[in-house]
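Just below is one structure, and these are the notes that go with it.
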Amino acid sequence: MKEITGVYTAIVTPIDQDDVVNRKALREQVSRQISFGNNIFCNGTNGEFFALSDSEKLRVTEICLDEAAGRKSVMTHIGCVSTDATIRLGKQIEHMGVDAVSVITPWFAALRRSDLITHFQRVADAMTVPVYLYNIPARTGNTITPDMAEELAAHPNIKGIKDSAGSYESLHAFHEVSKRTTDFSVLTGPDSLILRGFKEGSVGCISGIANIIPDKVNAVWEGFKNNQEVDSIQDEINNIRTELYGLAFSPAVVKKCVSLMGFDVGENRYPVVFHEDDVNKIKVIMKNFKLI
């Protein structure tokens, strides 16, 4: 298995006019990311995981693995509402050759601390590939707290956490857990905190905005590794993010931007509809940042 480190692009899932996963377009996006030095994270929030069937998730993973083979690492999200469904999907995916899987907190049901601990432990028990927790409470309504992460870090197959809570305070708390534990690492979720996360100890990031600006996100990682000044690049990422993400649900905006850049990724499956005025606003922002 490859080491989980560096930039992982939370890659969009291209959909064709027949509402089917567009294999050719997905291969193009995987190769595009790899050309800039980025690894692949598929079936995540930007990949519209909760709007994909299990067979589609398997297809997406297969394509990403095939296109990235021998070049870059592939990590796949397997989280479902129920523990059993997560394990069933995970067992199918792990045999395909992914380097790791991530597992989001179940959503809709309000879960207790003990419920979440048991859920993640059961999934990790069932997997033979490394498991990474995925914390995004704004979307699921359930939070992985630092003390929960510390308890879960004792599991030999739980190797880290992707924190997308959105605040420096949350990310910092998980870095402190990582310092106190063995073999438990942190992956930064919010694009606004990529550089700050690296400086504090994140081993990598999982980036949605890298779908739009793969070069800039990778430049932050490479610059950090080589002790170069890259604050200005992070500032530009933040400015692009602020302008675009204020328009609508950010993963839907990301996919629309990729489409406007000339890539055949299709429409999103979220119930987000971009009217002509919305598209014009996105185009203005993209032109201002020289993205189109």
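Ordered as shown in the structure tokens, chains take letters A, B, and onward, while each chain numbers its residues from 1 and ligands are numbered from 1 in the order shown.
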
Asp191 of chain A: which residues within 10 Å, counting only C-alpha atoms, same-chain residues fewer than 5 positions away excluded, as JSON, numbers by chain?
{"A": [164, 166, 197, 205, 206, 207, 208, 209, 210, 217, 234, 237, 238, 241]}

Write a file of the selected residues as a PDB file, in the first residue's frame, keeping N, CA and C atoms.
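Done, and the output landed in result-v9.pdb:
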```pdb
ATOM      1  N   SER A 164     -13.074  17.822   8.247  1.00  0.00           N
ATOM      2  CA  SER A 164     -13.721  18.857   7.442  1.00  0.00           C
ATOM      3  C   SER A 164     -14.725  19.639   8.273  1.00  0.00           C
ATOM      4  N   GLY A 166     -14.189  22.475   9.438  1.00  0.00           N
ATOM      5  CA  GLY A 166     -14.143  23.816   8.878  1.00  0.00           C
ATOM      6  C   GLY A 166     -13.418  24.860   9.693  1.00  0.00           C
ATOM      7  N   GLY A 197      -2.575  23.627   7.928  1.00  0.00           N
ATOM      8  CA  GLY A 197      -2.569  22.227   8.330  1.00  0.00           C
ATOM      9  C   GLY A 197      -1.213  21.590   8.137  1.00  0.00           C
ATOM     10  N   CYS A 205      -3.738  16.633   2.396  1.00  0.00           N
ATOM     11  CA  CYS A 205      -5.040  17.292   2.365  1.00  0.00           C
ATOM     12  C   CYS A 205      -5.926  16.569   1.359  1.00  0.00           C
ATOM     13  N   ILE A 206      -7.223  16.659   1.567  1.00  0.00           N
ATOM     14  CA  ILE A 206      -8.200  16.161   0.598  1.00  0.00           C
ATOM     15  C   ILE A 206      -8.965  17.379   0.130  1.00  0.00           C
ATOM     16  N   SER A 207      -8.739  17.755  -1.116  1.00  0.00           N
ATOM     17  CA  SER A 207      -9.160  19.067  -1.606  1.00  0.00           C
ATOM     18  C   SER A 207     -10.221  18.983  -2.689  1.00  0.00           C
ATOM     19  N   GLY A 208     -11.307  19.721  -2.490  1.00  0.00           N
ATOM     20  CA  GLY A 208     -12.328  19.841  -3.513  1.00  0.00           C
ATOM     21  C   GLY A 208     -11.951  20.861  -4.566  1.00  0.00           C
ATOM     22  N   ILE A 209     -11.353  21.958  -4.122  1.00  0.00           N
ATOM     23  CA  ILE A 209     -11.034  23.034  -5.058  1.00  0.00           C
ATOM     24  C   ILE A 209      -9.902  22.644  -6.011  1.00  0.00           C
ATOM     25  N   ALA A 210      -9.179  21.569  -5.683  1.00  0.00           N
ATOM     26  CA  ALA A 210      -8.136  21.093  -6.594  1.00  0.00           C
ATOM     27  C   ALA A 210      -8.715  20.627  -7.924  1.00  0.00           C
ATOM     28  N   VAL A 217      -3.028  24.035  -5.668  1.00  0.00           N
ATOM     29  CA  VAL A 217      -3.078  23.216  -4.453  1.00  0.00           C
ATOM     30  C   VAL A 217      -1.805  22.390  -4.339  1.00  0.00           C
ATOM     31  N   GLN A 234      -1.648  30.204  -1.067  1.00  0.00           N
ATOM     32  CA  GLN A 234      -2.768  29.866  -0.192  1.00  0.00           C
ATOM     33  C   GLN A 234      -3.778  31.009  -0.135  1.00  0.00           C
ATOM     34  N   ILE A 237      -5.868  30.814  -3.230  1.00  0.00           N
ATOM     35  CA  ILE A 237      -6.840  29.725  -3.086  1.00  0.00           C
ATOM     36  C   ILE A 237      -8.018  30.184  -2.236  1.00  0.00           C
ATOM     37  N   ASN A 238      -7.706  30.854  -1.133  1.00  0.00           N
ATOM     38  CA  ASN A 238      -8.770  31.318  -0.233  1.00  0.00           C
ATOM     39  C   ASN A 238      -9.680  32.332  -0.920  1.00  0.00           C
ATOM     40  N   ARG A 241     -11.872  30.518  -3.403  1.00  0.00           N
ATOM     41  CA  ARG A 241     -12.840  29.750  -2.618  1.00  0.00           C
ATOM     42  C   ARG A 241     -13.953  30.642  -2.077  1.00  0.00           C
TER      43      ARG A 241
END
```

Apply DSSP to the backbone of this structure and, from segment 60-218 of chain A, keep only the residues in alpha helix (DSSP H); write these as number ranges by chain.
A: 60-68, 83-94, 113-126, 137-140, 146-152, 168-180, 194-200, 214-218

Out of A:Gln29, A:Thr143, A:Ser73, A:Thr128, which residue has the shortest atom-to-atom distance to Ile104 of chain A when counting only C-alpha atoms?
A:Thr143

Just want the 12 Å neighbourhood of Ser114 of chain A, counted on only C-alpha atoms, with same-chain residues fewer than 5 positions away dropped. Output as a list in words.
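The residues satisfying every condition are His119, Phe120, Gln121, Ile144, Thr145, Asp147, Met148, Glu151 and Leu152 of chain A.
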
Determine, counting only C-alpha atoms, which protein, DNA and RNA residues have an atom within 12 Å of an atom of Leu291 of chain A; residues of the same chain fewer than 2 positions away are not included. Present the result as a list in words.
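Listing them by chain and then by number gives Asn211, Ile212, Ile213, Pro214, Asp215, Lys216, Ile237, Ile240, Leu244, Cys257, Val258, Ser259, Leu260, Met261, Gly262, Ile282, Lys283, Val284, Ile285, Met286, Lys287, Asn288 and Phe289 of chain A.
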
Could the residues in this selection be saved with N, CA and C atoms as a short mmCIF file (atom, residue, chain, number, x, y, z; two decimals), in the first residue's frame?
```cif
data_model
loop_
_atom_site.label_atom_id
_atom_site.label_comp_id
_atom_site.auth_asym_id
_atom_site.auth_seq_id
_atom_site.Cartn_x
_atom_site.Cartn_y
_atom_site.Cartn_z
N ASN A 211 -10.01 20.34 -7.95
CA ASN A 211 -10.65 20.04 -9.24
C ASN A 211 -10.55 21.22 -10.19
N ILE A 212 -10.56 22.44 -9.63
CA ILE A 212 -10.50 23.66 -10.43
C ILE A 212 -9.07 24.12 -10.62
N ILE A 213 -8.30 24.12 -9.54
CA ILE A 213 -6.94 24.65 -9.56
C ILE A 213 -5.94 23.61 -9.02
N PRO A 214 -5.79 22.50 -9.73
CA PRO A 214 -4.88 21.44 -9.25
C PRO A 214 -3.45 21.90 -9.09
N ASP A 215 -3.02 22.82 -9.95
CA ASP A 215 -1.64 23.31 -9.89
C ASP A 215 -1.38 24.09 -8.61
N LYS A 216 -2.31 24.95 -8.24
CA LYS A 216 -2.10 25.80 -7.07
C LYS A 216 -2.11 24.99 -5.77
N ILE A 237 -5.87 30.81 -3.23
CA ILE A 237 -6.84 29.72 -3.09
C ILE A 237 -8.02 30.18 -2.24
N ILE A 240 -10.28 32.64 -4.20
CA ILE A 240 -11.11 31.92 -5.18
C ILE A 240 -12.23 31.18 -4.47
N LEU A 244 -16.31 31.92 -5.02
CA LEU A 244 -17.13 30.88 -5.65
C LEU A 244 -18.09 30.20 -4.69
N CYS A 257 -17.79 24.71 -12.36
CA CYS A 257 -16.56 25.38 -12.81
C CYS A 257 -15.74 24.47 -13.72
N VAL A 258 -15.61 23.21 -13.33
CA VAL A 258 -14.85 22.26 -14.16
C VAL A 258 -15.50 22.15 -15.54
N SER A 259 -16.82 22.13 -15.56
CA SER A 259 -17.54 22.08 -16.83
C SER A 259 -17.27 23.34 -17.66
N LEU A 260 -17.29 24.50 -17.02
CA LEU A 260 -17.06 25.76 -17.73
C LEU A 260 -15.63 25.88 -18.23
N MET A 261 -14.74 25.09 -17.66
CA MET A 261 -13.35 25.08 -18.12
C MET A 261 -13.19 24.22 -19.38
N GLY A 262 -14.30 23.61 -19.82
CA GLY A 262 -14.27 22.86 -21.06
C GLY A 262 -14.22 21.35 -20.91
N ILE A 282 -20.67 32.94 -11.94
CA ILE A 282 -19.52 32.04 -11.84
C ILE A 282 -18.48 32.38 -12.90
N LYS A 283 -18.94 32.65 -14.11
CA LYS A 283 -18.02 32.99 -15.20
C LYS A 283 -17.24 34.27 -14.90
N VAL A 284 -17.90 35.26 -14.34
CA VAL A 284 -17.23 36.52 -14.00
C VAL A 284 -16.11 36.26 -13.00
N ILE A 285 -16.41 35.47 -11.98
CA ILE A 285 -15.40 35.17 -10.96
C ILE A 285 -14.24 34.40 -11.58
N MET A 286 -14.56 33.42 -12.40
CA MET A 286 -13.51 32.61 -13.03
C MET A 286 -12.63 33.46 -13.94
N LYS A 287 -13.24 34.36 -14.67
CA LYS A 287 -12.46 35.24 -15.53
C LYS A 287 -11.57 36.17 -14.72
N ASN A 288 -12.09 36.67 -13.61
CA ASN A 288 -11.31 37.56 -12.75
C ASN A 288 -10.04 36.86 -12.23
N PHE A 289 -10.16 35.56 -12.00
CA PHE A 289 -9.00 34.78 -11.50
C PHE A 289 -8.27 34.08 -12.63
#
```

Write out as number ranges by chain the residues lying within 12 Å of Thr182 of chain A, counting only C-alpha atoms and excluding same-chain residues fewer than 4 positions away.
A: 150-160, 176-178

Residues as selected, N, CA and C atoms, written as a CSV table (one decimal), in the first residue's frame, can you do that?
```
chain,number,residue,atom,x,y,z
A,150,GLU,N,-9.1,9.9,19.7
A,150,GLU,CA,-8.0,9.3,20.5
A,150,GLU,C,-8.3,7.9,20.9
A,151,GLU,N,-9.6,7.6,21.2
A,151,GLU,CA,-10.0,6.2,21.6
A,151,GLU,C,-9.9,5.3,20.3
A,152,LEU,N,-10.4,5.9,19.2
A,152,LEU,CA,-10.5,5.1,18.0
A,152,LEU,C,-9.1,4.9,17.4
A,153,ALA,N,-8.1,5.8,17.7
A,153,ALA,CA,-6.8,5.6,17.2
A,153,ALA,C,-6.1,4.4,17.8
A,154,ALA,N,-6.6,3.9,18.9
A,154,ALA,CA,-6.0,2.7,19.5
A,154,ALA,C,-6.3,1.4,18.6
A,155,HIS,N,-7.3,1.5,17.7
A,155,HIS,CA,-7.6,0.4,16.8
A,155,HIS,C,-6.4,0.3,15.8
A,156,PRO,N,-5.9,-0.9,15.6
A,156,PRO,CA,-4.7,-1.1,14.7
A,156,PRO,C,-5.0,-0.7,13.3
A,157,ASN,N,-6.3,-0.7,12.9
A,157,ASN,CA,-6.6,-0.4,11.4
A,157,ASN,C,-7.2,1.0,11.2
A,158,ILE,N,-7.3,1.8,12.2
A,158,ILE,CA,-7.7,3.2,12.1
A,158,ILE,C,-6.5,4.0,12.1
A,159,LYS,N,-6.2,4.6,10.9
A,159,LYS,CA,-4.9,5.2,10.7
A,159,LYS,C,-4.9,6.7,10.7
A,160,GLY,N,-6.1,7.4,10.8
A,160,GLY,CA,-6.1,8.8,10.8
A,160,GLY,C,-7.5,9.4,10.6
A,176,GLU,N,-3.3,17.6,17.9
A,176,GLU,CA,-2.8,17.2,19.3
A,176,GLU,C,-3.0,15.8,19.5
A,177,VAL,N,-4.2,15.2,19.1
A,177,VAL,CA,-4.4,13.8,19.2
A,177,VAL,C,-3.3,13.0,18.5
A,178,SER,N,-3.0,13.4,17.3
A,178,SER,CA,-2.0,12.7,16.5
A,178,SER,C,-0.6,12.7,17.2
```

For Val7 of chain A, find every residue with an atom within 6 Å (counting only C-alpha atoms), except residues of its own chain fewer than 3 positions away, and show them as a ChimeraX atom specification.
/A:38-39,204-205

Given the selection you just returned, output its residues as a file containing C-alpha atoms, formatted as a compact mmCIF listing (two decimals), in the first residue's frame.
```txt
# COMPACT_ATOMS: atom_id res chain seq x y z
CA ASN A 38 -2.07 14.96 -7.15
CA ASN A 39 -3.43 11.70 -5.79
CA GLY A 204 -1.81 15.67 3.44
CA CYS A 205 -5.04 17.29 2.37
```

Using only C-alpha atoms, the shortest atom-to-atom distance to Ile161 of chain A among A:Asn226, A:Thr140, A:Ser102, A:Thr181 belongs to A:Ser102

I'd like the contact shell of segment 81-92 of chain A - 6 Å cut-off, only C-alpha atoms, skipping same-chain residues fewer than 3 positions apart - returned as a PyMOL selection string.
chain A and resi 78+95+106-107+119+123

For the residues in that selection, give me C-alpha atoms as a compact mmCIF listing (two decimals), in the first residue's frame.
```txt
# COMPACT_ATOMS: atom_id res chain seq x y z
CA ILE A 78 -17.16 4.01 1.63
CA HIS A 95 -10.35 -6.09 -2.99
CA PRO A 106 -23.61 8.23 9.57
CA TRP A 107 -26.17 10.96 8.98
CA HIS A 119 -19.69 1.96 14.22
CA VAL A 123 -15.97 -1.11 10.09
```
